[in-house]
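my_file_33.cif follows (mmCIF, C-alpha atoms and all ligand atoms):
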data_structure
#
loop_
_atom_site.label_atom_id
_atom_site.label_comp_id
_atom_site.auth_asym_id
_atom_site.auth_seq_id
_atom_site.Cartn_x
_atom_site.Cartn_y
_atom_site.Cartn_z
CA MET A 1 90.77 122.41 89.62
CA ALA A 2 89.55 118.86 89.68
CA ARG A 3 89.15 116.00 92.06
CA LEU A 4 88.51 112.73 90.28
CA GLU A 5 86.74 109.95 92.13
CA LEU A 6 86.29 106.34 91.07
CA ASP A 7 83.70 104.79 93.31
CA SER A 8 83.27 100.97 93.09
CA VAL A 9 83.92 101.15 89.35
CA THR A 10 83.34 97.86 87.56
CA LYS A 11 83.55 96.82 83.92
CA ARG A 12 82.28 93.55 82.52
CA PHE A 13 82.72 92.83 78.81
CA GLY A 14 80.05 90.55 77.38
CA GLU A 15 77.45 88.58 79.28
CA GLY A 16 77.06 85.12 80.78
CA ASP A 17 79.74 82.44 80.81
CA GLY A 18 82.05 84.02 78.28
CA SER A 19 82.06 87.45 79.92
CA VAL A 20 85.25 89.09 81.20
CA LEU A 21 85.37 91.02 84.47
CA ALA A 22 88.02 93.50 83.35
CA VAL A 23 87.73 95.96 86.25
CA ASP A 24 86.39 94.77 89.60
CA ASP A 25 85.04 97.27 92.13
CA VAL A 26 87.85 99.83 91.95
CA ASP A 27 87.90 102.75 94.41
CA VAL A 28 90.39 105.58 93.94
CA ASP A 29 90.10 109.19 95.07
CA ILE A 30 92.48 111.38 93.07
CA ALA A 31 93.16 114.79 94.58
CA ASP A 32 93.15 118.04 92.64
CA GLY A 33 96.53 118.42 90.93
CA GLU A 34 97.65 114.92 91.80
CA PHE A 35 99.65 112.71 89.41
CA LEU A 36 98.31 109.19 89.89
CA VAL A 37 99.96 106.30 88.08
CA LEU A 38 97.82 103.26 87.36
CA VAL A 39 100.24 100.35 87.05
CA GLY A 40 100.04 96.58 86.66
CA PRO A 41 100.84 93.75 84.26
CA SER A 42 99.36 93.52 80.80
CA GLY A 43 95.66 92.70 80.83
CA CYS A 44 95.04 93.83 84.43
CA GLY A 45 92.45 96.44 83.43
CA LYS A 46 94.46 99.69 83.28
CA SER A 47 93.35 100.85 79.85
CA THR A 48 89.76 99.86 80.47
CA THR A 49 89.74 101.92 83.67
CA LEU A 50 91.20 104.92 81.87
CA ARG A 51 88.78 104.53 78.97
CA MET A 52 85.82 104.54 81.37
CA VAL A 53 87.09 107.83 82.82
CA ALA A 54 87.46 109.22 79.31
CA GLY A 55 83.95 108.13 78.32
CA LEU A 56 85.21 105.74 75.63
CA GLU A 57 83.85 102.72 77.48
CA THR A 58 80.54 102.38 79.35
CA ILE A 59 80.65 101.74 83.09
CA THR A 60 78.99 98.47 84.15
CA ASP A 61 78.71 99.42 87.80
CA GLY A 62 79.83 102.16 90.15
CA GLU A 63 80.31 105.86 89.60
CA ILE A 64 82.97 108.22 88.29
CA ARG A 65 82.81 111.82 89.55
CA LEU A 66 84.72 114.91 88.51
CA ASP A 67 84.56 117.60 91.19
CA GLY A 68 81.65 115.77 92.72
CA ASP A 69 79.59 115.57 89.50
CA ARG A 70 78.62 112.14 88.18
CA MET A 71 80.11 111.61 84.71
CA ASN A 72 78.78 108.12 83.87
CA GLU A 73 76.25 109.31 81.32
CA GLN A 74 78.41 112.00 79.67
CA GLY A 75 79.96 111.36 76.25
CA PRO A 76 83.72 111.88 75.79
CA ALA A 77 83.29 115.36 74.32
CA GLU A 78 81.18 116.54 77.25
CA ARG A 79 83.85 115.61 79.78
CA ASP A 80 86.40 118.31 80.45
CA ILE A 81 89.19 115.75 80.17
CA ALA A 82 91.95 115.26 77.57
CA MET A 83 93.50 111.93 76.70
CA VAL A 84 97.00 111.24 75.33
CA PHE A 85 97.37 107.88 73.60
CA GLN A 86 100.36 105.62 73.09
CA SER A 87 99.81 105.83 69.34
CA TYR A 88 99.70 109.69 69.47
CA ALA A 89 96.56 109.62 67.22
CA LEU A 90 97.60 112.70 65.22
CA TYR A 91 95.85 113.53 61.94
CA PRO A 92 98.45 112.93 59.21
CA HIS A 93 96.97 115.39 56.71
CA MET A 94 96.98 118.29 59.18
CA THR A 95 99.91 120.43 60.28
CA VAL A 96 100.99 120.46 63.91
CA ARG A 97 99.14 123.76 64.41
CA GLN A 98 95.96 122.34 62.87
CA ASN A 99 96.26 119.19 64.96
CA MET A 100 96.56 121.25 68.12
CA ARG A 101 93.73 123.62 67.12
CA PHE A 102 91.37 120.81 66.17
CA GLY A 103 90.62 119.82 69.76
CA LEU A 104 90.03 123.45 70.68
CA GLU A 105 87.58 124.00 67.85
CA GLU A 106 85.62 120.98 69.05
CA SER A 107 85.55 121.77 72.71
CA THR A 108 85.61 125.56 73.13
CA ASP A 109 84.06 128.64 71.58
CA LEU A 110 87.23 130.74 71.53
CA SER A 111 87.87 133.19 68.68
CA ASP A 112 90.44 132.37 65.99
CA ASP A 113 92.95 134.73 67.57
CA GLU A 114 92.44 133.28 71.02
CA MET A 115 92.92 129.77 69.66
CA ASP A 116 96.14 130.76 67.88
CA GLY A 117 97.35 132.43 71.05
CA ARG A 118 96.78 129.26 73.07
CA VAL A 119 98.50 127.09 70.45
CA ASP A 120 101.52 129.42 70.39
CA GLU A 121 101.79 129.45 74.17
CA THR A 122 101.56 125.67 74.41
CA ALA A 123 104.05 125.18 71.58
CA GLU A 124 106.49 127.40 73.44
CA LEU A 125 105.98 125.46 76.67
CA LEU A 126 106.80 122.22 74.85
CA ASP A 127 109.54 123.69 72.71
CA ILE A 128 107.85 122.78 69.42
CA THR A 129 107.26 126.27 67.98
CA GLU A 130 109.46 125.56 64.96
CA LEU A 131 107.41 122.48 64.14
CA LEU A 132 103.98 124.16 63.94
CA ASP A 133 103.81 124.16 60.13
CA ARG A 134 105.05 120.59 59.66
CA LYS A 135 102.89 117.54 59.24
CA PRO A 136 103.25 114.54 61.61
CA GLY A 137 104.99 112.48 58.89
CA ALA A 138 107.93 114.90 59.06
CA LEU A 139 108.43 114.53 62.82
CA SER A 140 110.49 112.15 64.97
CA GLY A 141 108.79 109.90 67.53
CA GLY A 142 109.70 112.24 70.37
CA GLN A 143 108.39 115.28 68.49
CA ARG A 144 105.12 113.52 67.72
CA GLN A 145 104.77 112.66 71.38
CA ARG A 146 105.21 116.33 72.26
CA VAL A 147 102.56 117.35 69.74
CA ALA A 148 100.16 114.77 71.17
CA LEU A 149 100.78 116.27 74.62
CA GLY A 150 100.36 119.76 73.18
CA ARG A 151 97.00 118.86 71.78
CA ALA A 152 95.86 117.81 75.26
CA ILE A 153 97.43 120.77 77.10
CA VAL A 154 96.08 123.43 74.75
CA ARG A 155 92.53 122.61 75.81
CA GLU A 156 93.32 123.41 79.45
CA PRO A 157 91.17 120.49 80.60
CA LYS A 158 90.34 119.66 84.19
CA ALA A 159 92.27 116.39 83.93
CA PHE A 160 94.73 114.57 81.70
CA LEU A 161 94.54 110.86 81.00
CA MET A 162 97.66 109.26 79.56
CA ASP A 163 97.79 105.69 78.27
CA GLU A 164 101.40 104.46 78.03
CA PRO A 165 102.38 107.71 76.28
CA LEU A 166 106.12 106.95 76.29
CA SER A 167 106.14 103.31 75.29
CA ASN A 168 106.90 103.96 71.61
CA LEU A 169 110.05 105.93 72.41
CA ASP A 170 113.55 104.52 72.74
CA ALA A 171 114.99 104.12 76.24
CA LYS A 172 116.97 107.37 76.29
CA LEU A 173 114.15 109.54 74.98
CA ARG A 174 111.74 107.81 77.31
CA SER A 175 113.74 108.76 80.37
CA GLN A 176 114.14 112.35 79.07
CA MET A 177 110.38 112.65 78.43
CA ARG A 178 109.69 111.20 81.86
CA THR A 179 111.53 114.11 83.43
CA GLU A 180 109.88 116.61 81.11
CA LEU A 181 106.42 115.29 81.89
CA GLN A 182 107.11 115.62 85.60
CA GLN A 183 108.24 119.22 85.14
CA LEU A 184 105.18 119.93 83.03
CA GLN A 185 102.96 118.46 85.71
CA ASP A 186 104.62 120.68 88.33
CA ASP A 187 104.02 123.75 86.12
CA LEU A 188 100.47 122.98 85.04
CA ASP A 189 99.29 121.30 88.24
CA THR A 190 96.54 119.46 86.38
CA THR A 191 95.08 116.27 87.83
CA THR A 192 96.59 113.42 85.81
CA VAL A 193 95.97 109.70 85.56
CA TYR A 194 98.88 107.97 83.86
CA VAL A 195 98.76 104.33 82.81
CA THR A 196 101.87 102.18 82.46
CA HIS A 197 102.96 98.57 82.86
CA ASP A 198 106.46 99.78 83.76
CA GLN A 199 107.08 99.87 87.49
CA THR A 200 110.11 102.17 87.08
CA GLU A 201 107.91 104.75 85.37
CA ALA A 202 105.36 104.38 88.14
CA MET A 203 107.92 104.70 90.91
CA THR A 204 109.63 107.75 89.46
CA MET A 205 106.60 109.70 88.22
CA GLY A 206 103.67 109.09 90.52
CA ASP A 207 102.66 111.22 93.50
CA ARG A 208 100.81 108.02 94.29
CA ILE A 209 100.54 104.74 92.45
CA ALA A 210 97.50 102.49 92.15
CA ILE A 211 98.52 98.87 91.55
CA LEU A 212 96.05 96.62 89.72
CA ASP A 213 96.10 92.86 89.25
CA ALA A 214 93.41 90.92 87.39
CA GLY A 215 91.01 93.87 87.54
CA GLU A 216 91.39 94.31 91.30
CA LEU A 217 93.06 97.19 93.04
CA GLN A 218 95.86 95.88 95.24
CA GLN A 219 97.14 99.08 96.86
CA VAL A 220 97.04 102.85 96.43
CA ALA A 221 100.07 104.45 98.02
CA THR A 222 103.05 106.71 97.49
CA PRO A 223 105.85 104.93 95.64
CA LEU A 224 107.92 104.66 98.82
CA GLU A 225 105.02 103.24 100.82
CA ALA A 226 104.38 100.62 98.15
CA TYR A 227 108.07 99.76 98.15
CA HIS A 228 108.60 99.57 101.90
CA ARG A 229 105.14 98.49 103.02
CA PRO A 230 103.62 96.46 100.18
CA ALA A 231 100.03 95.48 100.94
CA ASN A 232 100.55 91.92 99.73
CA GLN A 233 102.92 89.59 97.95
CA PHE A 234 101.75 90.67 94.50
CA VAL A 235 102.69 94.31 95.15
CA ALA A 236 105.95 93.26 96.79
CA GLY A 237 106.94 91.27 93.71
CA PHE A 238 105.77 93.85 91.20
CA ILE A 239 107.50 96.90 92.69
CA GLY A 240 111.31 96.88 92.73
CA GLU A 241 113.93 95.73 90.24
CA PRO A 242 115.37 93.07 90.47
CA SER A 243 112.27 91.62 92.10
CA MET A 244 111.96 90.74 95.73
CA ASN A 245 113.05 87.16 96.56
CA PHE A 246 110.32 84.90 97.86
CA VAL A 247 111.00 81.72 99.82
CA ASP A 248 108.14 79.37 100.71
CA CYS A 249 108.44 78.16 104.27
CA ALA A 250 106.60 76.19 106.89
CA VAL A 251 105.95 77.94 110.22
CA GLU A 252 107.07 76.13 113.40
CA ASP A 253 107.34 77.85 116.77
CA ALA A 254 107.69 81.36 115.34
CA THR A 255 110.43 80.08 113.02
CA LEU A 256 110.32 79.92 109.21
CA VAL A 257 111.48 76.51 108.13
CA ASN A 258 112.74 75.53 104.74
CA GLU A 259 114.81 72.63 103.46
CA ALA A 260 117.84 74.93 103.62
CA PHE A 261 117.33 76.92 106.80
CA ARG A 262 115.53 77.72 109.99
CA TYR A 263 114.84 81.43 110.35
CA PRO A 264 113.72 82.61 113.79
CA LEU A 265 111.26 85.50 113.68
CA ALA A 266 111.18 88.50 115.98
CA ASP A 267 108.42 88.20 118.57
CA GLU A 268 105.86 90.47 116.96
CA VAL A 269 106.32 88.97 113.47
CA GLY A 270 106.34 85.45 114.87
CA ALA A 271 103.12 86.12 116.79
CA ALA A 272 101.47 87.39 113.60
CA VAL A 273 102.11 84.16 111.68
CA SER A 274 102.04 81.65 114.50
CA GLU A 275 98.56 80.44 113.52
CA ALA A 276 99.57 79.79 109.91
CA ASP A 277 100.95 76.49 108.62
CA ASP A 278 103.08 78.18 106.06
CA ALA A 279 104.26 81.61 105.03
CA THR A 280 106.45 83.24 102.42
CA LEU A 281 109.62 85.04 103.37
CA GLY A 282 110.27 88.10 101.18
CA ILE A 283 113.63 89.86 101.00
CA ARG A 284 114.76 92.51 98.53
CA PRO A 285 118.03 91.81 96.64
CA GLU A 286 119.56 95.04 97.96
CA ASP A 287 118.84 94.05 101.57
CA LEU A 288 120.82 90.80 101.46
CA SER A 289 124.42 91.00 102.53
CA VAL A 290 126.92 88.72 100.90
CA ASP A 291 130.24 88.11 102.67
CA PRO A 292 133.20 85.82 102.14
CA ALA A 293 132.49 82.48 103.84
CA ALA A 294 135.68 82.79 105.86
CA ASP A 295 134.30 85.87 107.67
CA ALA A 296 131.34 83.94 109.05
CA ASP A 297 130.62 84.58 112.68
CA ASP A 298 127.81 82.21 113.57
CA ALA A 299 127.37 83.56 117.05
CA ALA A 300 126.81 87.12 115.86
CA ASP A 301 124.25 86.53 113.14
CA GLY A 302 121.38 85.31 115.31
CA GLY A 303 120.59 82.41 112.99
CA HIS A 304 119.93 84.71 110.06
CA ALA A 305 123.00 83.91 107.94
CA PHE A 306 123.43 80.91 105.65
CA ASP A 307 126.06 79.29 103.45
CA ALA A 308 125.58 79.77 99.74
CA THR A 309 127.37 79.39 96.43
CA VAL A 310 127.57 82.14 93.83
CA ALA A 311 125.98 80.76 90.66
CA VAL A 312 126.13 83.72 88.28
CA VAL A 313 127.29 87.35 88.54
CA GLU A 314 125.80 89.97 86.24
CA PRO A 315 127.95 93.14 86.35
CA MET A 316 125.70 96.18 85.78
CA GLY A 317 128.32 98.88 86.35
CA ASP A 318 127.27 100.49 89.61
CA GLU A 319 126.12 97.17 91.00
CA ASN A 320 126.52 93.45 90.56
CA VAL A 321 123.45 91.27 90.41
CA VAL A 322 124.51 88.08 92.17
CA HIS A 323 122.56 84.83 91.82
CA LEU A 324 123.08 82.61 94.85
CA SER A 325 122.21 79.01 95.62
CA LEU A 326 121.70 78.09 99.23
CA ALA A 327 122.87 74.58 100.10
CA ASP A 328 119.94 72.21 99.39
CA GLY A 329 117.68 75.19 99.21
CA PRO A 330 116.27 78.11 97.32
CA ASP A 331 118.03 80.41 94.92
CA LEU A 332 118.31 84.05 95.92
CA VAL A 333 119.24 87.18 93.99
CA ALA A 334 121.35 89.83 95.72
CA THR A 335 122.66 93.16 94.52
CA VAL A 336 126.05 94.26 95.78
CA ASN A 337 128.32 97.22 95.08
CA GLY A 338 129.72 97.14 91.55
CA LEU A 339 133.26 97.71 92.78
CA ARG A 340 133.28 94.45 94.69
CA ARG A 341 135.00 91.52 93.04
CA ILE A 342 132.77 88.56 93.38
CA GLU A 343 133.30 85.43 91.31
CA SER A 344 130.91 82.74 90.24
CA GLY A 345 131.59 79.50 92.10
CA ALA A 346 132.65 81.33 95.27
CA GLU A 347 131.45 80.03 98.63
CA VAL A 348 129.83 82.88 100.56
CA ARG A 349 127.80 83.62 103.65
CA VAL A 350 124.50 85.39 102.97
CA THR A 351 122.72 87.29 105.70
CA ILE A 352 118.98 87.92 105.59
CA PRO A 353 118.66 90.83 108.03
CA GLU A 354 115.77 90.57 110.42
CA ASN A 355 114.76 94.22 110.03
CA ALA A 356 114.45 93.98 106.23
CA ILE A 357 112.30 90.89 105.81
CA HIS A 358 108.65 90.79 104.74
CA VAL A 359 106.51 87.86 105.77
CA PHE A 360 103.43 87.03 103.70
CA ASP A 361 100.96 84.70 105.11
CA GLY A 362 97.99 83.22 103.31
CA ASN A 363 98.13 85.04 99.98
P1 LIG B 1 95.66 96.54 80.36
O1 LIG B 1 95.43 97.93 79.86
O2 LIG B 1 95.99 96.50 81.82
O3 LIG B 1 96.64 95.76 79.54
P2 LIG B 1 92.94 96.09 79.49
O4 LIG B 1 92.16 97.09 80.26
O5 LIG B 1 93.25 96.40 78.07
O6 LIG B 1 94.28 95.73 80.27
O7 LIG B 1 92.16 94.70 79.52
C1 LIG B 1 91.64 94.13 80.71
C2 LIG B 1 90.91 92.84 80.39
O8 LIG B 1 89.74 93.14 79.63
C3 LIG B 1 91.71 91.86 79.55
O9 LIG B 1 91.38 90.56 79.96
C4 LIG B 1 91.22 92.13 78.14
O10 LIG B 1 91.34 90.99 77.35
C5 LIG B 1 89.75 92.46 78.39
N1 LIG B 1 89.20 93.38 77.37
C6 LIG B 1 89.65 94.63 77.08
N2 LIG B 1 88.90 95.20 76.12
C7 LIG B 1 87.94 94.28 75.79
C8 LIG B 1 86.84 94.25 74.86
N3 LIG B 1 86.57 95.31 74.09
N4 LIG B 1 86.10 93.14 74.82
C9 LIG B 1 86.34 92.07 75.61
N5 LIG B 1 87.35 92.03 76.50
C10 LIG B 1 88.14 93.11 76.60
#

Please re-express this file's structure in structure tokens.
Ligand code: ADP
Amino acid sequence: MARLELDSVTKRFGEGDGSVLAVDDVDVDIADGEFLVLVGPSGCGKSTTLRMVAGLETITDGEIRLDGDRMNEQGPAERDIAMVFQSYALYPHMTVRQNMRFGLEESTDLSDDEMDGRVDETAELLDITELLDRKPGALSGGQRQRVALGRAIVREPKAFLMDEPLSNLDAKLRSQMRTELQQLQDDLDTTTVYVTHDQTEAMTMGDRIAILDAGELQQVATPLEAYHRPANQFVAGFIGEPSMNFVDCAVEDATLVNEAFRYPLADEVGAAVSEADDATLGIRPEDLSVDPAADADDAADGGHAFDATVAVVEPMGDENVVHLSLADGPDLVATVNGLRRIESGAEVRVTIPENAIHVFDGN
């Protein structure tokens, strides 16, 4: 049972001019049993945040609490928290059983039998019983990853911290382990903070995701909220693959104006940006519709459809990623059904549906 709170947590490395503000005033309240994914580009402060929770890094400012108790001054061993690293950090000279027992010997006063019982139970849960007498050198990457998880689970900590634990695995194993980790989390129900730079991992695994950029928290939300209602343009561009299209526009009379088009805004959106000189139109590739130019019906599209040329088509199987050039204007990326034949060089009509657009103003 553990609620984990980060309250205005700040980390500055070094002092004076050369110092680095790695984590800037981060607030997150992680519920008991929640799986929170901390996600953002390389260097945004994810690992530093996690390491402050683990006690591996001092906290410059703010407070971290576990079940209401301040942890700032506790060393890593005093915190009832287990960390799983990207590098696995297994002891090469110890067997799997010894590796798993080692953490228990350090952090609990269980008897030998009790420790063995816990190791056996955890090994069964992770399906690594037959590996208990091997040394890490005789294991595959995926098996090592399981042992590293086992070493954390066996301690029955109040919280797990995971720093890119799947990034050393190949794509297939990574997606398999992703599912296994989710199942494990459902079974164990232990509060988990999981760090990744991979938005797909964040979207598929997190109960909620916390998106960081340059040390600052951008949004904490469920994956679907972050996808459909991004707090700002950074989140909008980071979440979703292929990325959201952005088109810089001027604002004139509740209309977005660009060298290629004039895009009238619905009243409430138009009112929201009417004071701004410029704004960015955001549209997800899957929300664009691409039709043969001959089907164009200018009267019906409300000024939201434009002529374009297909520059490149990337067939991905279930979908085609279509790169479009608007006449005299921006390039857009659209995804369309993989069964559709669409050729590069084709003249098309692209519709930017009014109900799917995002408008970012002043960020
Ligand atoms: P991420 O995990 O998101 O890739 P990090 O938390 O590792 O990012 O780093 C955040 C910022 O802090 C980066 O600018 C990084 O260079 C800096 N940083 C991390 N560790 C140290 C350190 N020990 N000393 C100085 N700067 C550091």

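When CA of Glu241 in chain A is paired with CA of Ala308 in chain A, their separation reads 21.9 Å.
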
_Shell of 9 Å around ligand LIG 1 (chain B) (all atoms listed in the file), written as a VMD selection string_ = chain A and resid 11 to 14 19 to 23 38 to 51 57 163 195 to 197 212 to 215

File of the preceding selection, C-alpha atoms, as an mmCIF file, in the coordinates of the input:
data_model
loop_
_atom_site.group_PDB
_atom_site.id
_atom_site.type_symbol
_atom_site.label_atom_id
_atom_site.label_comp_id
_atom_site.auth_asym_id
_atom_site.auth_seq_id
_atom_site.Cartn_x
_atom_site.Cartn_y
_atom_site.Cartn_z
ATOM 1 C CA LYS A 11 83.550 96.820 83.920
ATOM 2 C CA ARG A 12 82.280 93.550 82.520
ATOM 3 C CA PHE A 13 82.720 92.830 78.810
ATOM 4 C CA GLY A 14 80.050 90.550 77.380
ATOM 5 C CA SER A 19 82.060 87.450 79.920
ATOM 6 C CA VAL A 20 85.250 89.090 81.200
ATOM 7 C CA LEU A 21 85.370 91.020 84.470
ATOM 8 C CA ALA A 22 88.020 93.500 83.350
ATOM 9 C CA VAL A 23 87.730 95.960 86.250
ATOM 10 C CA LEU A 38 97.820 103.260 87.360
ATOM 11 C CA VAL A 39 100.240 100.350 87.050
ATOM 12 C CA GLY A 40 100.040 96.580 86.660
ATOM 13 C CA PRO A 41 100.840 93.750 84.260
ATOM 14 C CA SER A 42 99.360 93.520 80.800
ATOM 15 C CA GLY A 43 95.660 92.700 80.830
ATOM 16 C CA CYS A 44 95.040 93.830 84.430
ATOM 17 C CA GLY A 45 92.450 96.440 83.430
ATOM 18 C CA LYS A 46 94.460 99.690 83.280
ATOM 19 C CA SER A 47 93.350 100.850 79.850
ATOM 20 C CA THR A 48 89.760 99.860 80.470
ATOM 21 C CA THR A 49 89.740 101.920 83.670
ATOM 22 C CA LEU A 50 91.200 104.920 81.870
ATOM 23 C CA ARG A 51 88.780 104.530 78.970
ATOM 24 C CA GLU A 57 83.850 102.720 77.480
ATOM 25 C CA ASP A 163 97.790 105.690 78.270
ATOM 26 C CA VAL A 195 98.760 104.330 82.810
ATOM 27 C CA THR A 196 101.870 102.180 82.460
ATOM 28 C CA HIS A 197 102.960 98.570 82.860
ATOM 29 C CA LEU A 212 96.050 96.620 89.720
ATOM 30 C CA ASP A 213 96.100 92.860 89.250
ATOM 31 C CA ALA A 214 93.410 90.920 87.390
ATOM 32 C CA GLY A 215 91.010 93.870 87.540
#

*At what distance in Å, to one decimal, does CA of Leu188 in chain A lie from CA of Ile64 in chain A?*
23.1 Å

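Neighbours of Leu326 in chain A closer than or equal to 10 Å, with all atoms listed in the file counted and sequence neighbours fewer than 3 positions away skipped, come out as Glu259, Ala260, Phe261, Phe306, Asp307, Ala308, Thr309, Val310, Ala311, Gly329, Pro330, Asp331, Leu332, Glu347, Val348, Arg349 and Val350 of chain A.
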
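Note that the spacing between CA of Lys172 in chain A and CA of Val322 in chain A amounts to 26.1 Å.
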
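The closest residue to Arg65 in chain A, picked from A:Leu125, A:Leu6, A:Ala138, A:Val220 and counting all atoms listed in the file, is A:Leu6.
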
_Show me the residues close to (82.7, 117.6, 91.2) - anything with an atom within 9 Å, counting all atoms listed in the file - and format the list as a PyMOL selection string._
chain A and resi 2-5+65-70

*Have a look at A:Asp198, A:Asp170, A:Asp287, A:Asp186 and name the one nearest to Pro353 in chain A; count only C-alpha atoms.*
A:Asp287

_Between A:Leu161, A:Val359, A:Ala82, A:Val290, which residue has the minimum interatomic distance to Thr335 in chain A, considering only C-alpha atoms?_
A:Val290

*Rank A:Pro136, A:Gly206, A:Gly345, A:Gly303 by their smallest atom-to-atom distance to Leu224 in chain A, using all atoms listed in the file, and report the top residue only.*
A:Gly206

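Of the listed residues A:Gly117, A:Gly302, A:Gly62, A:Pro223, the one whose atoms come nearest to Ile352 in chain A is A:Gly302, with distances taken using only C-alpha atoms.
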
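The residue that comes closest to Val147 in chain A, out of A:Glu268, A:Asp328, A:Glu114, A:Glu130 and on the basis of all atoms listed in the file, is A:Glu130.
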
*Excluding Arg101 in chain A and residues on its chain fewer than 5 positions from it, collect all residues at most 9 Å away from it, counting only C-alpha atoms, and give them as an NGL selection string.*
:A and (96 or 106 or 115-116 or 118-119 or 151 or 154-155)

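Residue neighbourhood of Pro76 in chain A, excluding near-sequence residues (fewer than 4 positions): Leu50, Arg51, Met52, Val53, Ala54, Gly55, Leu56, Glu57, Thr58, Met71, Asn72, Asp80, Ile81, Ala82, Met83, Glu106 and Ser107 of chain A, at 12 Å, using all atoms listed in the file.
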
*asked:* Residues within 8 Å of range 242-247 of chain A, please, as a PyMOL selection string. Count all atoms listed in the file; anything in the same chain fewer than 3 positions from it doesn't count.
replied: chain A and resi 236-239+280-285+330+332-333

_If we count only C-alpha atoms and set the cut-off at 6 Å, which residues sit around Ala159 in chain A, ignoring sequence neighbours fewer than 3 positions away in its own chain? Please answer as an MDAnalysis selection string._
chainID A and resid 81 190:192
